[in-house]
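Enquirer: My file is data-v5.cif. It has mmCIF, C-alpha atoms:
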data_input
loop_
_atom_site.label_atom_id
_atom_site.label_comp_id
_atom_site.auth_asym_id
_atom_site.auth_seq_id
_atom_site.Cartn_x
_atom_site.Cartn_y
_atom_site.Cartn_z
CA MET Y 1 -37.67 1.28 -0.45
CA PRO Y 2 -34.68 -1.13 -0.17
CA ALA Y 3 -32.01 -0.12 2.33
CA ASP Y 4 -29.33 0.24 -0.35
CA HIS Y 5 -31.43 2.93 -2.01
CA ALA Y 6 -32.14 4.81 1.22
CA ASN Y 7 -32.01 8.59 1.53
CA PRO Y 8 -31.20 9.51 -2.07
CA ASP Y 9 -31.35 13.25 -1.27
CA LEU Y 10 -28.51 13.05 1.25
CA VAL Y 11 -26.37 10.92 -1.05
CA THR Y 12 -27.08 13.19 -4.01
CA ALA Y 13 -26.14 16.23 -1.92
CA TYR Y 14 -22.86 14.53 -1.03
CA LEU Y 15 -22.12 13.83 -4.71
CA ARG Y 16 -22.92 17.40 -5.74
CA LEU Y 17 -20.74 18.76 -2.95
CA GLY Y 18 -17.84 16.54 -3.98
CA LEU Y 19 -18.14 17.54 -7.63
CA ALA Y 20 -17.97 21.23 -6.68
CA PHE Y 21 -14.41 20.78 -5.42
CA ASP Y 22 -13.21 20.18 -8.97
CA ARG Y 23 -14.10 23.83 -9.60
CA LEU Y 24 -11.65 24.85 -6.88
CA GLU Y 25 -8.84 22.52 -7.97
CA GLU Y 26 -9.01 20.55 -11.20
CA GLY Y 27 -8.23 16.92 -10.47
CA PHE Y 28 -9.83 16.92 -7.01
CA VAL Y 29 -12.47 14.59 -8.40
CA ASP Y 30 -10.33 11.61 -9.30
CA ALA Y 31 -13.23 9.65 -10.78
CA PHE Y 32 -16.98 10.04 -11.18
CA THR Y 33 -19.18 7.36 -12.72
CA GLY Y 34 -22.52 8.90 -11.87
CA ASP Y 35 -24.94 10.97 -13.93
CA PRO Y 36 -22.90 13.07 -16.41
CA ALA Y 37 -25.69 15.64 -16.48
CA VAL Y 38 -25.15 16.35 -12.77
CA ARG Y 39 -21.42 16.78 -13.32
CA ALA Y 40 -22.06 19.11 -16.26
CA GLU Y 41 -24.51 21.15 -14.19
CA ILE Y 42 -21.93 21.66 -11.44
CA ALA Y 43 -19.15 22.39 -13.94
CA ASN Y 44 -21.23 25.04 -15.72
CA GLY Y 45 -22.76 26.59 -12.61
CA PRO Y 46 -21.56 29.51 -10.50
CA ALA Y 47 -18.06 29.23 -9.06
CA PRO Y 48 -18.38 27.76 -5.56
CA ASP Y 49 -17.31 29.63 -2.44
CA PRO Y 50 -14.98 27.50 -0.28
CA ALA Y 51 -16.44 28.77 2.99
CA GLN Y 52 -19.93 27.83 1.81
CA LEU Y 53 -18.70 24.37 0.82
CA ALA Y 54 -17.30 23.91 4.33
CA ALA Y 55 -20.66 24.91 5.79
CA GLN Y 56 -22.48 22.50 3.47
CA ALA Y 57 -20.20 19.66 4.55
CA ARG Y 58 -20.89 20.42 8.23
CA ALA Y 59 -24.64 20.58 7.61
CA LEU Y 60 -24.68 17.26 5.78
CA ARG Y 61 -22.72 15.60 8.58
CA ALA Y 62 -25.29 16.89 11.04
CA ASP Y 63 -28.05 15.23 8.98
CA LEU Y 64 -26.43 11.79 9.24
CA PRO Y 65 -27.40 9.03 9.49
CA GLY Y 66 -30.82 9.90 8.17
CA ASP Y 67 -32.26 6.58 7.06
CA LEU Y 68 -28.94 5.29 5.76
CA PRO Y 69 -27.50 2.06 7.15
CA ALA Y 70 -24.80 2.64 9.75
CA ASP Y 71 -21.87 1.61 7.53
CA ARG Y 72 -22.90 3.89 4.69
CA ALA Y 73 -23.51 6.81 7.05
CA GLU Y 74 -20.08 6.29 8.62
CA PHE Y 75 -18.44 6.20 5.19
CA ILE Y 76 -20.12 9.42 4.05
CA GLY Y 77 -19.47 11.12 7.40
CA ALA Y 78 -15.73 10.41 7.24
CA HIS Y 79 -15.59 11.88 3.75
CA LEU Y 80 -17.61 14.95 4.70
CA ARG Y 81 -15.10 15.61 7.50
CA ALA Y 82 -12.31 15.48 4.92
CA LEU Y 83 -14.18 17.75 2.50
CA GLU Y 84 -14.86 20.30 5.23
CA CYS Y 85 -11.14 20.48 5.97
CA SER Y 86 -10.29 20.85 2.27
CA ALA Y 87 -12.84 23.63 1.91
CA ARG Y 88 -11.37 25.42 4.93
CA LYS Y 89 -7.91 25.16 3.39
CA PHE Y 90 -9.20 26.56 0.09
CA ALA Y 91 -10.83 29.40 2.06
CA GLY Y 92 -7.46 30.28 3.58
CA ASP Y 93 -8.03 28.96 7.11
CA ASP Y 94 -4.93 28.10 9.10
CA VAL Y 95 -5.01 24.32 9.62
CA SER Y 96 -1.92 22.60 10.95
CA PHE Y 97 -0.43 19.94 8.68
CA VAL Y 98 -0.94 17.17 11.23
CA ASP Y 99 -4.59 18.16 11.67
CA GLU Y 100 -4.98 18.38 7.90
CA VAL Y 101 -3.74 14.80 7.43
CA SER Y 102 -5.95 13.59 10.29
CA ALA Y 103 -9.06 15.18 8.78
CA TYR Y 104 -8.34 13.95 5.26
CA PHE Y 105 -7.29 10.38 5.99
CA ASP Y 106 -8.37 9.58 9.58
CA VAL Y 107 -4.81 8.82 10.74
CA ASP Y 108 -2.44 10.54 13.14
CA ILE Y 109 1.14 11.04 11.99
CA ALA Y 110 4.43 11.86 13.69
CA LEU Y 111 8.12 11.82 12.84
CA ALA Y 112 9.68 8.37 12.78
CA ASP Y 113 12.79 7.34 14.72
CA ALA Y 114 15.90 7.86 12.59
CA ASP Y 115 17.38 4.69 14.13
CA ARG Y 116 14.95 2.78 11.90
CA TYR Y 117 16.63 4.35 8.86
CA ARG Y 118 20.11 3.54 10.13
CA GLN Y 119 19.06 -0.08 10.54
CA ALA Y 120 17.58 -0.10 7.04
CA HIS Y 121 20.90 1.18 5.66
CA THR Y 122 22.73 -1.59 7.49
CA GLU Y 123 20.40 -4.19 6.00
CA LEU Y 124 20.70 -2.62 2.56
CA ALA Y 125 24.50 -2.74 2.70
CA GLU Y 126 24.29 -6.45 3.54
CA ALA Y 127 21.85 -7.08 0.67
CA LEU Y 128 24.19 -5.26 -1.70
CA GLY Y 129 27.11 -7.39 -0.50
CA ILE Y 130 29.23 -4.51 0.82
CA GLY Y 131 29.34 -5.47 4.51
CA ASP Y 132 28.54 -2.61 6.84
CA ALA Y 133 29.44 0.21 4.47
CA THR Y 134 27.71 3.56 4.97
CA GLY Y 135 27.79 7.04 3.48
CA THR Y 136 29.27 7.50 0.04
CA GLU Y 137 30.18 3.83 -0.39
CA LEU Y 138 26.59 2.74 0.29
CA ARG Y 139 25.20 5.48 -1.96
CA ASP Y 140 27.50 4.48 -4.82
CA ALA Y 141 26.72 0.76 -4.47
CA TYR Y 142 22.99 1.42 -4.41
CA ALA Y 143 23.26 3.73 -7.42
CA ALA Y 144 25.16 1.01 -9.32
CA HIS Y 145 22.44 -1.49 -8.45
CA ARG Y 146 19.75 0.91 -9.65
CA ARG Y 147 21.57 1.46 -12.96
CA ALA Y 148 21.83 -2.29 -13.52
CA ASP Y 149 18.11 -2.59 -12.72
CA GLU Y 150 17.02 -0.07 -15.37
CA ILE Y 151 14.71 -1.17 -18.16
CA PRO Y 152 15.99 0.04 -21.55
CA ALA Y 153 13.64 2.74 -22.83
CA GLU Y 154 12.82 0.75 -25.97
CA LYS Y 155 11.74 -2.22 -23.80
CA VAL Y 156 9.40 -0.39 -21.41
CA ASP Y 157 6.25 -0.70 -23.50
CA GLU Y 158 6.84 -4.42 -24.11
CA CYS Y 159 7.44 -5.02 -20.40
CA VAL Y 160 4.31 -3.09 -19.42
CA ARG Y 161 2.15 -5.17 -21.73
CA ALA Y 162 3.72 -8.45 -20.65
CA PHE Y 163 3.17 -7.81 -16.94
CA SER Y 164 -0.26 -6.32 -17.46
CA GLY Y 165 -1.40 -9.37 -19.43
CA ALA Y 166 0.05 -11.85 -16.95
CA LEU Y 167 -1.43 -10.07 -13.93
CA ARG Y 168 -4.81 -9.60 -15.60
CA GLU Y 169 -5.06 -13.35 -16.17
CA ARG Y 170 -4.24 -14.09 -12.52
CA VAL Y 171 -6.62 -11.49 -11.16
CA ARG Y 172 -9.57 -12.48 -13.32
CA ALA Y 173 -9.23 -16.05 -12.04
CA GLN Y 174 -9.23 -15.00 -8.37
CA TYR Y 175 -11.27 -11.79 -8.33
CA PRO Y 176 -13.61 -12.02 -11.36
CA LEU Y 177 -14.05 -8.89 -13.44
CA PRO Y 178 -16.66 -7.93 -16.03
CA ASP Y 179 -15.89 -9.34 -19.47
CA ASN Y 180 -15.64 -5.87 -21.00
CA GLU Y 181 -13.12 -4.39 -18.53
CA ILE Y 182 -10.01 -2.93 -20.12
CA VAL Y 183 -6.93 -0.87 -19.28
CA ASP Y 184 -5.23 1.35 -21.86
CA PHE Y 185 -1.64 2.32 -21.05
CA GLU Y 186 0.01 5.54 -22.21
CA VAL Y 187 3.30 7.30 -21.58
CA VAL Y 188 3.36 10.89 -20.29
CA THR Y 189 5.91 13.47 -19.15
CA ASP Y 190 6.10 16.44 -16.77
CA LYS Y 191 4.06 14.90 -13.96
CA PRO Y 192 4.77 14.82 -10.18
CA TRP Y 193 4.02 11.08 -9.96
CA SER Y 194 5.38 7.86 -11.51
CA GLY Y 195 2.03 6.43 -12.58
CA PHE Y 196 -1.65 7.37 -12.44
CA ASN Y 197 -4.93 5.53 -12.97
CA TYR Y 198 -7.69 7.50 -14.65
CA TYR Y 199 -10.83 5.44 -14.08
CA LEU Y 200 -13.31 6.31 -16.83
CA GLY Y 201 -16.27 4.25 -15.68
CA ASP Y 202 -17.94 1.29 -17.37
CA TYR Y 203 -14.96 -0.85 -16.27
CA ARG Y 204 -12.39 1.12 -18.29
CA SER Y 205 -9.17 2.74 -17.11
CA ARG Y 206 -6.43 4.77 -18.72
CA VAL Y 207 -3.11 4.28 -16.92
CA ALA Y 208 -0.42 6.90 -17.51
CA ILE Y 209 3.23 6.06 -16.89
CA ASN Y 210 5.62 8.95 -16.43
CA VAL Y 211 8.66 8.33 -18.62
CA ASP Y 212 10.53 11.26 -17.10
CA LEU Y 213 11.34 8.71 -14.40
CA THR Y 214 13.49 5.74 -15.36
CA GLN Y 215 11.59 2.48 -15.05
CA HIS Y 216 13.27 -0.32 -13.10
CA MET Y 217 12.79 -4.07 -13.31
CA SER Y 218 12.30 -4.40 -9.56
CA SER Y 219 9.54 -1.79 -9.44
CA LEU Y 220 7.65 -2.13 -12.73
CA PRO Y 221 5.63 -5.21 -11.63
CA HIS Y 222 4.60 -3.26 -8.51
CA LEU Y 223 3.60 -0.28 -10.65
CA ILE Y 224 1.41 -2.37 -12.97
CA ALA Y 225 -0.17 -4.23 -10.05
CA HIS Y 226 -0.70 -0.94 -8.20
CA GLU Y 227 -2.40 0.91 -11.05
CA ALA Y 228 -4.23 -1.97 -12.73
CA TYR Y 229 -4.34 -5.61 -11.57
CA PRO Y 230 -5.34 -6.11 -8.76
CA GLY Y 231 -4.91 -2.47 -7.69
CA HIS Y 232 -6.81 0.69 -8.61
CA HIS Y 233 -8.47 -0.52 -11.82
CA THR Y 234 -9.61 -3.76 -10.23
CA GLU Y 235 -10.97 -1.99 -7.15
CA HIS Y 236 -12.86 0.56 -9.24
CA CYS Y 237 -14.38 -2.16 -11.42
CA ARG Y 238 -15.55 -4.32 -8.55
CA LYS Y 239 -16.95 -1.41 -6.54
CA GLU Y 240 -18.76 -0.05 -9.59
CA GLN Y 241 -20.26 -3.47 -10.27
CA LEU Y 242 -21.01 -4.62 -6.72
CA LEU Y 243 -21.67 -1.40 -4.77
CA VAL Y 244 -22.81 1.22 -7.27
CA GLY Y 245 -24.76 -1.51 -9.02
CA ALA Y 246 -26.57 -2.19 -5.74
CA GLY Y 247 -27.52 1.46 -5.29
CA GLN Y 248 -24.66 2.70 -3.09
CA TYR Y 249 -24.22 5.77 -5.26
CA GLU Y 250 -21.79 7.46 -2.89
CA GLN Y 251 -19.28 4.97 -4.33
CA SER Y 252 -19.67 6.55 -7.77
CA ILE Y 253 -17.32 9.39 -6.80
CA PHE Y 254 -13.67 9.16 -5.80
CA LEU Y 255 -12.24 12.30 -4.21
CA VAL Y 256 -8.64 13.27 -3.52
CA ASN Y 257 -7.64 13.87 0.10
CA THR Y 258 -10.28 11.62 1.63
CA PRO Y 259 -10.18 8.28 3.49
CA GLN Y 260 -10.93 6.56 0.17
CA CYS Y 261 -7.43 7.49 -0.96
CA LEU Y 262 -5.67 6.01 2.06
CA MET Y 263 -7.57 2.76 1.63
CA ALA Y 264 -7.00 2.66 -2.13
CA GLU Y 265 -3.27 3.41 -1.99
CA GLY Y 266 -2.72 0.93 0.82
CA LEU Y 267 -4.60 -1.70 -1.19
CA ALA Y 268 -2.65 -0.91 -4.35
CA ASP Y 269 0.71 -1.04 -2.59
CA HIS Y 270 -0.15 -4.54 -1.38
CA ALA Y 271 -1.54 -5.58 -4.76
CA LEU Y 272 1.46 -7.44 -6.17
CA THR Y 273 2.09 -9.60 -3.11
CA ALA Y 274 -1.66 -10.15 -2.71
CA ILE Y 275 -1.91 -11.83 -6.11
CA MET Y 276 1.62 -13.26 -6.55
CA GLY Y 277 2.78 -13.82 -2.97
CA LYS Y 278 5.87 -12.50 -1.22
CA ASP Y 279 8.15 -14.42 -3.60
CA TRP Y 280 6.78 -12.52 -6.60
CA GLY Y 281 10.31 -11.88 -7.88
CA PHE Y 282 10.81 -15.40 -9.23
CA TRP Y 283 7.66 -15.07 -11.34
CA ALA Y 284 8.89 -11.70 -12.61
CA GLN Y 285 12.32 -13.16 -13.35
CA GLU Y 286 10.77 -15.64 -15.79
CA ILE Y 287 8.82 -12.93 -17.60
CA TYR Y 288 11.89 -10.73 -17.91
CA ALA Y 289 13.90 -13.68 -19.23
CA ASP Y 290 11.30 -14.20 -21.98
CA LEU Y 291 11.81 -10.52 -22.87
CA GLY Y 292 15.59 -10.89 -23.04
CA LEU Y 293 16.30 -9.13 -19.72
CA ARG Y 294 18.24 -10.52 -16.77
CA PHE Y 295 16.58 -9.93 -13.42
CA ASP Y 296 18.07 -11.31 -10.19
CA ALA Y 297 14.89 -12.01 -8.23
CA ASP Y 298 16.53 -13.10 -4.99
CA ARG Y 299 18.78 -10.05 -4.80
CA ALA Y 300 15.98 -7.67 -5.77
CA MET Y 301 13.67 -9.01 -3.06
CA ARG Y 302 16.40 -8.82 -0.40
CA ILE Y 303 17.09 -5.21 -1.34
CA GLY Y 304 13.35 -4.51 -1.34
CA ARG Y 305 12.98 -5.89 2.18
CA ALA Y 306 15.85 -3.69 3.34
CA THR Y 307 14.52 -0.50 1.77
CA SER Y 308 11.04 -1.15 3.20
CA GLY Y 309 12.48 0.24 6.43
CA LEU Y 310 12.65 3.62 4.68
CA LEU Y 311 8.91 3.77 4.03
CA THR Y 312 8.30 6.74 6.35
CA VAL Y 313 11.14 8.95 5.04
CA ARG Y 314 8.93 10.88 2.61
CA GLN Y 315 6.25 11.43 5.25
CA ASP Y 316 8.94 12.76 7.57
CA ALA Y 317 9.99 15.09 4.75
CA ALA Y 318 6.41 16.36 4.46
CA LEU Y 319 6.30 16.97 8.21
CA MET Y 320 9.59 18.85 8.01
CA LEU Y 321 8.26 21.04 5.19
CA HIS Y 322 4.75 21.74 6.39
CA ASP Y 323 4.81 21.21 10.14
CA GLN Y 324 8.33 22.28 11.09
CA HIS Y 325 8.62 24.74 8.15
CA ALA Y 326 12.10 23.55 7.19
CA GLY Y 327 13.63 24.92 4.02
CA ALA Y 328 13.51 22.99 0.75
CA ASP Y 329 17.29 22.54 0.69
CA SER Y 330 17.42 20.90 4.12
CA VAL Y 331 14.50 18.63 3.21
CA ALA Y 332 16.25 17.69 -0.03
CA ASP Y 333 19.37 16.82 1.97
CA PHE Y 334 17.24 14.67 4.30
CA LEU Y 335 15.73 12.79 1.35
CA GLN Y 336 19.09 12.28 -0.31
CA THR Y 337 20.68 11.09 2.93
CA TRP Y 338 18.14 8.42 3.82
CA LEU Y 339 16.68 7.43 0.44
CA LEU Y 340 20.10 7.60 -1.25
CA ALA Y 341 18.30 9.41 -4.05
CA PRO Y 342 20.05 11.42 -6.77
CA PRO Y 343 19.30 15.16 -6.92
CA GLU Y 344 16.92 14.86 -9.89
CA ARG Y 345 14.83 12.24 -8.09
CA THR Y 346 14.79 14.40 -4.97
CA ARG Y 347 13.50 17.33 -6.99
CA GLN Y 348 10.66 15.14 -8.27
CA MET Y 349 9.79 14.14 -4.69
CA LEU Y 350 9.79 17.77 -3.56
CA ARG Y 351 7.53 18.70 -6.45
CA PHE Y 352 4.98 16.17 -5.20
CA LEU Y 353 5.38 17.18 -1.55
CA THR Y 354 4.88 20.87 -2.33
CA SER Y 355 1.95 20.51 -4.74
CA PRO Y 356 -1.11 22.26 -3.25
CA LEU Y 357 -3.30 19.28 -4.14
CA TRP Y 358 -0.87 16.48 -3.29
CA ARG Y 359 1.22 17.80 -0.38
CA ALA Y 360 -0.52 15.64 2.25
CA TYR Y 361 -1.03 12.67 -0.05
CA ILE Y 362 2.24 10.91 0.83
CA SER Y 363 0.55 9.76 4.06
CA THR Y 364 -1.85 7.62 2.04
CA TYR Y 365 1.08 5.44 0.96
CA VAL Y 366 2.83 5.38 4.33
CA GLU Y 367 -0.09 5.06 6.74
CA GLY Y 368 -2.24 3.17 4.25
CA TYR Y 369 0.40 0.52 3.70
CA GLN Y 370 1.06 0.10 7.43
CA LEU Y 371 -2.59 -0.04 8.49
CA LEU Y 372 -3.56 -2.49 5.76
CA GLU Y 373 -0.47 -4.61 6.42
CA SER Y 374 -1.48 -5.01 10.07
CA TRP Y 375 -5.05 -5.83 9.08
CA LEU Y 376 -4.07 -8.31 6.35
CA ASP Y 377 -1.54 -9.98 8.64
CA ALA Y 378 -4.26 -10.46 11.26
CA ALA Y 379 -6.64 -12.07 8.77
CA GLY Y 380 -6.98 -15.83 8.76
CA ASP Y 381 -7.34 -15.86 4.97
CA ARG Y 382 -5.19 -13.12 3.42
CA ALA Y 383 -6.63 -13.58 -0.10
CA ALA Y 384 -10.20 -13.31 1.20
CA ALA Y 385 -9.27 -10.24 3.25
CA PHE Y 386 -7.79 -8.56 0.18
CA GLY Y 387 -11.03 -9.36 -1.61
CA ARG Y 388 -12.92 -7.48 1.10
CA LEU Y 389 -10.75 -4.43 0.43
CA LEU Y 390 -11.71 -4.64 -3.23
CA ASP Y 391 -15.40 -5.14 -2.61
CA GLU Y 392 -16.44 -3.40 0.60
CA PRO Y 393 -16.70 0.33 1.47
CA LEU Y 394 -14.14 0.04 4.28
CA ILE Y 395 -12.48 3.07 5.87
CA PRO Y 396 -9.56 3.32 8.34
CA ALA Y 397 -11.92 3.28 11.32
CA SER Y 398 -13.43 0.00 10.08
CA LEU Y 399 -10.04 -1.69 10.02
CA ARG Y 400 -8.98 -0.33 13.39
CA ARG Y 401 -12.14 -1.73 15.00
CA GLU Y 402 -11.40 -5.16 13.58
CA LEU Y 403 -7.83 -5.00 14.86
CA VAL Y 404 -8.99 -4.47 18.45
CA PRO Y 405 -9.23 -7.87 20.20
CA GLY Y 406 -12.82 -8.84 20.84
#
Any chance you could put this one into structure tokens?
Expert:
Amino acid sequence: MPADHANPDLVTAYLRLGLAFDRLEEGFVDAFTGDPAVRAEIANGPAPDPAQLAAQARALRADLPGDLPADRAEFIGAHLRALECSARKFAGDDVSFVDEVSAYFDVDIALADADRYRQAHTELAEALGIGDATGTELRDAYAAHRRADEIPAEKVDECVRAFSGALRERVRAQYPLPDNEIVDFEVVTDKPWSGFNYYLGDYRSRVAINVDLTQHMSSLPHLIAHEAYPGHHTEHCRKEQLLVGAGQYEQSIFLVNTPQCLMAEGLADHALTAIMGKDWGFWAQEIYADLGLRFDADRAMRIGRATSGLLTVRQDAALMLHDQHAGADSVADFLQTWLLAPPERTRQMLRFLTSPLWRAYISTYVEGYQLLESWLDAAGDRAAAFGRLLDEPLIPASLRRELVPG
């Protein structure tokens, strides 16, 4: 039997275990492209017991590697560790937030130094052209910039389609996709996120964009790249074609709160610069001009570089909530102080940070971006390295090994 088809019983048990978590929390299975009959069997079977799921995850880890190749066994083992922790949480076990994040995503987190945020505010004031202003003056100037950066509601759909088409053309030239791949965009409301990719299998995605949140010219290209080209949709397509197609059926399931998520969100947050380069704004400026919108690329990129120093603020907020047990009001004040966010945006952030399913997920963006940035920066060929992220079953431990000097 070929190595890629090794130990089907262990892989099948992993898939069945993962599918059972959707019975505990709908949405835990982000995507499944395997046998629909297996999914239906799990969905229609007895309600799973979380403690038993934890025991099953431990037992499967003990069976590794079986006759699986080392990289596949390591991948499955990291995900079984995450699933065991999720099952323990569902069972009511007391797991510290830091340990929860470590088990889910294989990263260790801690509060950042607030001096980093003060420096970011200094750089932001300079980018906004207001000298060394702080406090209310900085907040007002940033709010004015954000208002000027808004996409008129009647233009959002046109902008989405323009950027999606342009990015799709670039991506298909560099990272070929099946001829029948497609992304359908839709607008939604009352969600805790700004955008979401629902991968449907067979190289199709449905991308939802939350119109409760105002869309901005400086962030929309990132959003389309993140969710579609060359982000989540592109990764799903290539892994379905190259890995699942070769018999690595563990890649047919994508589970929330696992190392897959940290890798995928880190990849997606680097997607725009991976395909368009760090001067992406000038390309976007031309597209917006064709749509009758004025976008100052140079200013937007300078402001973006300044606010990148605030990346860890939301993770700090999660630590305050779930590790230090701070009250929601003090965490809201923290978010408003450093992110210069209006109250309604802060409420949206808190909704995400307090969701039972998503409360730890902010670390996928923070730690995923930072880990992948270090790894991509160390690569001799950044485009080829990004291609590896799309095509290979890498996990955080894989990247950390490669970052250690040989």
Enquirer: Tell me, as number ranges by chain, which residues lie within 12 Å of Phe352 of chain Y, counting all atoms listed in the file; anything in the same chain fewer than 3 positions away does not count.
Expert: Y: 190-194, 314-315, 317-318, 321, 345-349, 355-362
Enquirer: Restricting it to C-alpha atoms, dump the selection as a PDB file, in the coordinates of the input.
Expert:
ATOM      1  CA  ASP Y 190       6.100  16.440 -16.770  1.00  0.00           C
ATOM      2  CA  LYS Y 191       4.060  14.900 -13.960  1.00  0.00           C
ATOM      3  CA  PRO Y 192       4.770  14.820 -10.180  1.00  0.00           C
ATOM      4  CA  TRP Y 193       4.020  11.080  -9.960  1.00  0.00           C
ATOM      5  CA  SER Y 194       5.380   7.860 -11.510  1.00  0.00           C
ATOM      6  CA  ARG Y 314       8.930  10.880   2.610  1.00  0.00           C
ATOM      7  CA  GLN Y 315       6.250  11.430   5.250  1.00  0.00           C
ATOM      8  CA  ALA Y 317       9.990  15.090   4.750  1.00  0.00           C
ATOM      9  CA  ALA Y 318       6.410  16.360   4.460  1.00  0.00           C
ATOM     10  CA  LEU Y 321       8.260  21.040   5.190  1.00  0.00           C
ATOM     11  CA  ARG Y 345      14.830  12.240  -8.090  1.00  0.00           C
ATOM     12  CA  THR Y 346      14.790  14.400  -4.970  1.00  0.00           C
ATOM     13  CA  ARG Y 347      13.500  17.330  -6.990  1.00  0.00           C
ATOM     14  CA  GLN Y 348      10.660  15.140  -8.270  1.00  0.00           C
ATOM     15  CA  MET Y 349       9.790  14.140  -4.690  1.00  0.00           C
ATOM     16  CA  SER Y 355       1.950  20.510  -4.740  1.00  0.00           C
ATOM     17  CA  PRO Y 356      -1.110  22.260  -3.250  1.00  0.00           C
ATOM     18  CA  LEU Y 357      -3.300  19.280  -4.140  1.00  0.00           C
ATOM     19  CA  TRP Y 358      -0.870  16.480  -3.290  1.00  0.00           C
ATOM     20  CA  ARG Y 359       1.220  17.800  -0.380  1.00  0.00           C
ATOM     21  CA  ALA Y 360      -0.520  15.640   2.250  1.00  0.00           C
ATOM     22  CA  TYR Y 361      -1.030  12.670  -0.050  1.00  0.00           C
ATOM     23  CA  ILE Y 362       2.240  10.910   0.830  1.00  0.00           C
TER      24      ILE Y 362
END
Enquirer: Rounded to one decimal, what separation in Å do you get between atom CA of Gly309 of chain Y and atom CA of Arg116 of chain Y?
Expert: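 Distance between the two atoms: 6.5 Å.
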Enquirer: Find the distance between atom CA of Val156 of chain Y and atom CA of Ala289 of chain Y and write it in Å to one decimal.
Expert: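 Between these atoms lies a distance of 14.2 Å.
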Enquirer: Residue by residue, what does the PyMOL selection byres ((chain Y and resi 205) around 7) grab here? Present the result as a list in words.
Expert: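 Output from the PyMOL selection byres ((chain Y and resi 205) around 7), applied to this file: Ile182, Val183, Asp184, Asn197, Tyr198, Tyr199, Leu200, Tyr203, Arg204, Arg206, Val207 and His233 of chain Y.
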Enquirer: Deliver the residues from the most recent selection as a file, using C-alpha atoms, as a tab-separated table (two decimals), in the coordinates of the input.
Expert:
chain	number	residue	atom	x	y	z
Y	182	ILE	CA	-10.01	-2.93	-20.12
Y	183	VAL	CA	-6.93	-0.87	-19.28
Y	184	ASP	CA	-5.23	1.35	-21.86
Y	197	ASN	CA	-4.93	5.53	-12.97
Y	198	TYR	CA	-7.69	7.50	-14.65
Y	199	TYR	CA	-10.83	5.44	-14.08
Y	200	LEU	CA	-13.31	6.31	-16.83
Y	203	TYR	CA	-14.96	-0.85	-16.27
Y	204	ARG	CA	-12.39	1.12	-18.29
Y	206	ARG	CA	-6.43	4.77	-18.72
Y	207	VAL	CA	-3.11	4.28	-16.92
Y	233	HIS	CA	-8.47	-0.52	-11.82
Enquirer: Between Y:Gly201, Y:Gly34, Y:Ile275, Y:Ile253, single out the one closest to Ile76 of chain Y, counting all atoms listed in the file.
Expert: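 Nearest to Ile76 of chain Y: Y:Ile253.
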Enquirer: Will you model N, CA, C and O atoms for segment 391-399 of chain Y and pass it back as a PDB file, in the frame of the given file?
Expert:
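See rebuild16.pdb below for the written result:
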ATOM      1  N   ASP Y 391     -13.957  -5.079  -2.435  1.00  0.00           N
ATOM      2  CA  ASP Y 391     -15.400  -5.140  -2.610  1.00  0.00           C
ATOM      3  C   ASP Y 391     -16.217  -4.336  -1.610  1.00  0.00           C
ATOM      4  O   ASP Y 391     -17.382  -4.030  -1.878  1.00  0.00           O
ATOM      5  N   GLU Y 392     -15.649  -4.029  -0.447  1.00  0.00           N
ATOM      6  CA  GLU Y 392     -16.440  -3.400   0.600  1.00  0.00           C
ATOM      7  C   GLU Y 392     -16.046  -1.932   0.796  1.00  0.00           C
ATOM      8  O   GLU Y 392     -14.894  -1.560   0.574  1.00  0.00           O
ATOM      9  N   PRO Y 393     -16.985  -1.095   1.254  1.00  0.00           N
ATOM     10  CA  PRO Y 393     -16.700   0.330   1.470  1.00  0.00           C
ATOM     11  C   PRO Y 393     -16.014   0.557   2.823  1.00  0.00           C
ATOM     12  O   PRO Y 393     -16.513   1.287   3.683  1.00  0.00           O
ATOM     13  N   LEU Y 394     -14.856  -0.056   3.006  1.00  0.00           N
ATOM     14  CA  LEU Y 394     -14.140   0.040   4.280  1.00  0.00           C
ATOM     15  C   LEU Y 394     -13.411   1.383   4.376  1.00  0.00           C
ATOM     16  O   LEU Y 394     -12.996   1.965   3.375  1.00  0.00           O
ATOM     17  N   ILE Y 395     -13.240   1.858   5.587  1.00  0.00           N
ATOM     18  CA  ILE Y 395     -12.480   3.070   5.870  1.00  0.00           C
ATOM     19  C   ILE Y 395     -11.500   2.757   7.008  1.00  0.00           C
ATOM     20  O   ILE Y 395     -11.593   1.697   7.632  1.00  0.00           O
ATOM     21  N   PRO Y 396     -10.537   3.631   7.283  1.00  0.00           N
ATOM     22  CA  PRO Y 396      -9.560   3.320   8.340  1.00  0.00           C
ATOM     23  C   PRO Y 396     -10.200   2.927   9.671  1.00  0.00           C
ATOM     24  O   PRO Y 396      -9.726   2.000  10.344  1.00  0.00           O
ATOM     25  N   ALA Y 397     -11.272   3.607  10.044  1.00  0.00           N
ATOM     26  CA  ALA Y 397     -11.920   3.280  11.320  1.00  0.00           C
ATOM     27  C   ALA Y 397     -12.455   1.855  11.323  1.00  0.00           C
ATOM     28  O   ALA Y 397     -12.437   1.176  12.358  1.00  0.00           O
ATOM     29  N   SER Y 398     -12.925   1.375  10.168  1.00  0.00           N
ATOM     30  CA  SER Y 398     -13.430   0.000  10.080  1.00  0.00           C
ATOM     31  C   SER Y 398     -12.325  -0.994  10.400  1.00  0.00           C
ATOM     32  O   SER Y 398     -12.527  -1.952  11.154  1.00  0.00           O
ATOM     33  N   LEU Y 399     -11.154  -0.772   9.816  1.00  0.00           N
ATOM     34  CA  LEU Y 399     -10.040  -1.690  10.020  1.00  0.00           C
ATOM     35  C   LEU Y 399      -9.538  -1.639  11.450  1.00  0.00           C
ATOM     36  O   LEU Y 399      -9.236  -2.674  12.051  1.00  0.00           O
TER      37      LEU Y 399
END
